[in-house]
file model_4.json (JSON, C-alpha atoms)
[["chain", "number", "residue", "atom", "x", "y", "z"],
["A", 515, "MET", "CA", 90.30, 105.84, 117.31],
["A", 516, "TYR", "CA", 90.56, 109.16, 119.01],
["A", 517, "LEU", "CA", 92.65, 112.23, 118.38],
["A", 518, "LEU", "CA", 94.21, 113.76, 121.50],
["A", 519, "ARG", "CA", 96.81, 116.36, 122.36],
["A", 520, "LEU", "CA", 99.13, 115.78, 125.29],
["A", 521, "PRO", "CA", 100.56, 118.61, 127.44],
["A", 522, "ASN", "CA", 103.65, 118.78, 125.19],
["A", 523, "SER", "CA", 101.28, 119.96, 122.38],
["A", 524, "VAL", "CA", 101.97, 116.92, 120.19],
["A", 525, "TYR", "CA", 98.94, 115.12, 118.80],
["A", 526, "TYR", "CA", 98.41, 111.39, 119.28],
["A", 527, "THR", "CA", 95.94, 108.84, 118.05],
["A", 528, "ARG", "CA", 94.44, 106.60, 120.71],
["A", 529, "ILE", "CA", 93.11, 103.14, 119.94],
["A", 530, "ALA", "CA", 90.98, 101.50, 122.61],
["A", 531, "THR", "CA", 91.59, 97.79, 123.16],
["A", 532, "PRO", "CA", 88.56, 95.49, 122.96],
["A", 533, "LEU", "CA", 87.38, 93.99, 126.26],
["A", 534, "PRO", "CA", 88.34, 90.37, 125.40],
["A", 535, "LEU", "CA", 91.94, 91.47, 124.85],
["A", 536, "ARG", "CA", 91.99, 93.55, 128.05],
["A", 537, "GLU", "CA", 90.86, 90.47, 129.97],
["A", 538, "ARG", "CA", 93.94, 88.68, 128.61],
["A", 539, "GLY", "CA", 96.28, 91.34, 129.96],
["A", 540, "TYR", "CA", 96.58, 93.77, 127.06],
["A", 541, "PRO", "CA", 96.67, 97.48, 127.92],
["A", 542, "LYS", "CA", 93.43, 99.46, 127.96],
["A", 543, "GLU", "CA", 94.60, 101.61, 125.04],
["A", 544, "PHE", "CA", 97.45, 102.22, 122.62],
["A", 545, "LYS", "CA", 98.76, 105.70, 121.82],
["A", 546, "PHE", "CA", 100.75, 106.56, 118.72],
["A", 547, "SER", "CA", 102.35, 109.92, 118.05],
["A", 548, "LEU", "CA", 101.21, 111.69, 114.88],
["A", 549, "LEU", "CA", 104.47, 113.68, 114.93],
["A", 550, "THR", "CA", 102.83, 117.09, 114.62],
["A", 551, "ARG", "CA", 101.57, 120.00, 116.68],
["A", 552, "ASP", "CA", 99.23, 121.21, 113.97],
["A", 553, "ARG", "CA", 95.63, 120.03, 114.50],
["A", 554, "LYS", "CA", 94.74, 119.99, 110.79],
["A", 555, "VAL", "CA", 97.74, 117.81, 109.92],
["A", 556, "ALA", "CA", 97.03, 115.57, 112.92],
["A", 557, "TYR", "CA", 93.43, 115.10, 111.77],
["A", 558, "LEU", "CA", 94.55, 114.04, 108.28],
["A", 559, "ARG", "CA", 97.20, 111.66, 109.66],
["A", 560, "ASN", "CA", 94.65, 110.18, 112.05],
["A", 561, "ILE", "CA", 92.30, 109.44, 109.14],
["A", 562, "GLU", "CA", 95.19, 107.84, 107.22],
["A", 563, "GLN", "CA", 96.02, 105.60, 110.18],
["A", 564, "LEU", "CA", 92.36, 104.68, 110.47],
["A", 565, "ARG", "CA", 92.30, 103.58, 106.82],
["A", 566, "TRP", "CA", 95.23, 101.19, 107.03],
["A", 567, "HIS", "CA", 94.32, 100.03, 110.53],
["A", 568, "TYR", "CA", 91.03, 98.60, 109.27],
["A", 569, "ALA", "CA", 92.30, 97.61, 105.81],
["A", 570, "LYS", "CA", 93.55, 94.15, 106.84],
["A", 571, "PRO", "CA", 94.66, 92.40, 110.02],
["A", 572, "LEU", "CA", 98.37, 92.80, 110.66],
["A", 573, "SER", "CA", 100.76, 90.68, 112.64],
["A", 574, "PRO", "CA", 102.71, 92.54, 115.35],
["A", 575, "GLU", "CA", 105.80, 92.67, 113.10],
["A", 576, "GLU", "CA", 103.78, 94.01, 110.18],
["A", 577, "LEU", "CA", 102.23, 96.65, 112.44],
["A", 578, "VAL", "CA", 105.63, 97.85, 113.66],
["A", 579, "ASN", "CA", 106.97, 97.98, 110.09],
["A", 580, "ALA", "CA", 103.90, 99.86, 108.86],
["A", 581, "LEU", "CA", 104.15, 102.41, 111.68],
["A", 582, "ASN", "CA", 107.85, 102.94, 111.08],
["A", 583, "SER", "CA", 107.35, 103.46, 107.34],
["A", 584, "PHE", "CA", 104.45, 105.85, 108.04],
["A", 585, "ARG", "CA", 106.65, 107.88, 110.41],
["A", 586, "LEU", "CA", 109.45, 108.05, 107.85],
["A", 587, "ASP", "CA", 107.02, 109.15, 105.12],
["A", 588, "VAL", "CA", 105.60, 112.04, 107.16],
["A", 589, "SER", "CA", 108.85, 113.39, 108.58]]

call {"tool": "encode", "arguments": {"input": "model_4.json", "output": "structure tokens"}}
result
Amino acid sequence: MYLLRLPNSVYYTRIATPLPLRERGYPKEFKFSLLTRDRKVAYLRNIEQLRWHYAKPLSPEELVNALNSFRLDVS
């Protein structure tokens, strides 16, 4: 996972896709907005996403639900 800031000054977390998945047609990376322009807040949110990302495997539906609830909690 990487923390990056796009030209609009909003921070994103970037998750690189493993090579076996890229060979099956998945994108090279996924980007998720951290919904902040403050680097310190973005860093903390990135760590939080890292924790639940590696906590347990999620189905695509569970991932979408988790991201939506995370976004509602932080806004």

call {"tool": "closest_residue", "arguments": {"input": "model_4.json", "among": "A:Asp587, A:Arg565, A:Arg559, A:Arg553", "to": "A:Val524", "atoms": "only C-alpha atoms"}}
result
A:Arg553

call {"tool": "atom_distance", "arguments": {"input": "model_4.json", "atom1": "atom CA of A:Ile529", "atom2": "atom CA of A:Leu517"}}
result
9.2 Å

call {"tool": "atom_distance", "arguments": {"input": "model_4.json", "atom1": "atom CA of A:Asn560", "atom2": "atom CA of A:Pro521"}}
result
18.5 Å

call {"tool": "closest_residue", "arguments": {"input": "model_4.json", "among": "A:Tyr526, A:Tyr568, A:Tyr516, A:Phe584", "to": "A:Ser547", "atoms": "all atoms listed in the file"}}
result
A:Tyr526

call {"tool": "atom_distance", "arguments": {"input": "model_4.json", "atom1": "atom CA of A:Asp552", "atom2": "atom CA of A:Tyr525"}}
result
7.8 Å

call {"tool": "closest_residue", "arguments": {"input": "model_4.json", "among": "A:Ser573, A:Asn522, A:Asn579, A:Thr527", "to": "A:Leu548", "atoms": "only C-alpha atoms"}}
result
A:Thr527

call {"tool": "residues_around", "arguments": {"input": "model_4.json", "residues": "stretch 539-543 of chain A", "least_positions_apart": "4", "cutoff": "10 Å", "atoms": "only C-alpha atoms", "output": "PyMOL selection string"}}
result
chain A and resi 515+528-535

call {"tool": "axis_aligned_box", "arguments": {"input": "model_4.json", "around": "stretch 516-522 of chain A", "padding_each_side": "8 Å", "output": "AutoDock Vina command-line options"}}
result
--center_x 97.1 --center_y 114.0 --center_z 122.9 --size_x 29.1 --size_y 25.6 --size_z 25.1

call {"tool": "build_atoms", "arguments": {"input": "model_4.json", "residues": "stretch 550-561 of chain A", "atoms": "all heavy atoms", "output": "tab-separated table (two decimals), in the coordinates of the input"}}
result
chain	number	residue	atom	x	y	z
A	550	THR	N	103.17	115.72	115.02
A	550	THR	CA	102.83	117.09	114.62
A	550	THR	C	102.17	117.83	115.77
A	550	THR	O	101.59	117.21	116.67
A	550	THR	CB	101.91	117.11	113.39
A	550	THR	OG1	101.73	118.46	112.97
A	550	THR	CG2	100.57	116.48	113.67
A	551	ARG	N	102.26	119.15	115.71
A	551	ARG	CA	101.57	120.00	116.68
A	551	ARG	C	100.44	120.77	116.02
A	551	ARG	O	99.76	121.55	116.67
A	551	ARG	CB	102.56	120.97	117.32
A	551	ARG	CG	103.57	120.24	118.17
A	551	ARG	CD	104.53	121.17	118.82
A	551	ARG	NE	105.40	120.36	119.68
A	551	ARG	CZ	106.28	120.85	120.49
A	551	ARG	NH1	106.45	122.14	120.60
A	551	ARG	NH2	107.02	120.05	121.23
A	552	ASP	N	100.27	120.55	114.74
A	552	ASP	CA	99.23	121.21	113.97
A	552	ASP	C	97.98	120.32	113.93
A	552	ASP	O	98.04	119.18	113.46
A	552	ASP	CB	99.74	121.48	112.56
A	552	ASP	CG	98.73	122.19	111.68
A	552	ASP	OD1	97.71	122.68	112.19
A	552	ASP	OD2	98.99	122.27	110.46
A	553	ARG	N	96.84	120.83	114.40
A	553	ARG	CA	95.63	120.03	114.50
A	553	ARG	C	95.15	119.54	113.13
A	553	ARG	O	94.71	118.40	113.00
A	553	ARG	CB	94.52	120.81	115.19
A	553	ARG	CG	93.25	119.99	115.35
A	553	ARG	CD	92.23	120.69	116.24
A	553	ARG	NE	90.98	119.99	116.27
A	553	ARG	CZ	90.72	118.88	116.94
A	553	ARG	NH1	91.68	118.32	117.65
A	553	ARG	NH2	89.53	118.32	116.92
A	554	LYS	N	95.22	120.38	112.12
A	554	LYS	CA	94.74	119.99	110.79
A	554	LYS	C	95.56	118.82	110.24
A	554	LYS	O	95.01	117.86	109.71
A	554	LYS	CB	94.80	121.19	109.85
A	554	LYS	CG	94.12	120.98	108.55
A	554	LYS	CD	94.09	122.28	107.76
A	554	LYS	CE	93.26	122.10	106.51
A	554	LYS	NZ	93.14	123.36	105.76
A	555	VAL	N	96.87	118.90	110.38
A	555	VAL	CA	97.74	117.81	109.92
A	555	VAL	C	97.48	116.56	110.74
A	555	VAL	O	97.42	115.45	110.20
A	555	VAL	CB	99.23	118.24	110.01
A	555	VAL	CG1	100.16	117.07	109.70
A	555	VAL	CG2	99.50	119.40	109.08
A	556	ALA	N	97.30	116.72	112.04
A	556	ALA	CA	97.03	115.57	112.92
A	556	ALA	C	95.73	114.88	112.52
A	556	ALA	O	95.66	113.65	112.49
A	556	ALA	CB	96.96	116.03	114.37
A	557	TYR	N	94.72	115.66	112.19
A	557	TYR	CA	93.43	115.10	111.77
A	557	TYR	C	93.60	114.25	110.51
A	557	TYR	O	93.09	113.13	110.43
A	557	TYR	CB	92.44	116.23	111.55
A	557	TYR	CG	91.10	115.78	111.04
A	557	TYR	CD1	90.17	115.20	111.91
A	557	TYR	CD2	90.76	115.91	109.70
A	557	TYR	CE1	88.94	114.77	111.45
A	557	TYR	CE2	89.53	115.49	109.23
A	557	TYR	CZ	88.63	114.92	110.10
A	557	TYR	OH	87.42	114.49	109.64
A	558	LEU	N	94.33	114.78	109.54
A	558	LEU	CA	94.55	114.04	108.28
A	558	LEU	C	95.36	112.77	108.51
A	558	LEU	O	95.07	111.71	107.94
A	558	LEU	CB	95.23	114.93	107.25
A	558	LEU	CG	94.38	116.13	106.80
A	558	LEU	CD1	95.22	117.05	105.91
A	558	LEU	CD2	93.13	115.68	106.08
A	559	ARG	N	96.39	112.85	109.36
A	559	ARG	CA	97.20	111.66	109.66
A	559	ARG	C	96.39	110.63	110.43
A	559	ARG	O	96.57	109.43	110.24
A	559	ARG	CB	98.44	112.05	110.44
A	559	ARG	CG	99.44	112.81	109.60
A	559	ARG	CD	100.66	113.17	110.37
A	559	ARG	NE	101.55	113.98	109.55
A	559	ARG	CZ	102.65	114.56	110.00
A	559	ARG	NH1	103.02	114.40	111.26
A	559	ARG	NH2	103.39	115.28	109.19
A	560	ASN	N	95.50	111.09	111.30
A	560	ASN	CA	94.65	110.18	112.05
A	560	ASN	C	93.72	109.42	111.11
A	560	ASN	O	93.53	108.21	111.26
A	560	ASN	CB	93.84	110.96	113.10
A	560	ASN	CG	93.20	110.07	114.12
A	560	ASN	OD1	93.79	109.09	114.55
A	560	ASN	ND2	92.00	110.40	114.51
A	561	ILE	N	93.16	110.10	110.13
A	561	ILE	CA	92.30	109.44	109.14
A	561	ILE	C	93.11	108.42	108.34
A	561	ILE	O	92.64	107.31	108.09
A	561	ILE	CB	91.65	110.48	108.21
A	561	ILE	CG1	90.61	111.27	108.98
A	561	ILE	CG2	91.02	109.81	107.00
A	561	ILE	CD1	90.02	112.42	108.22
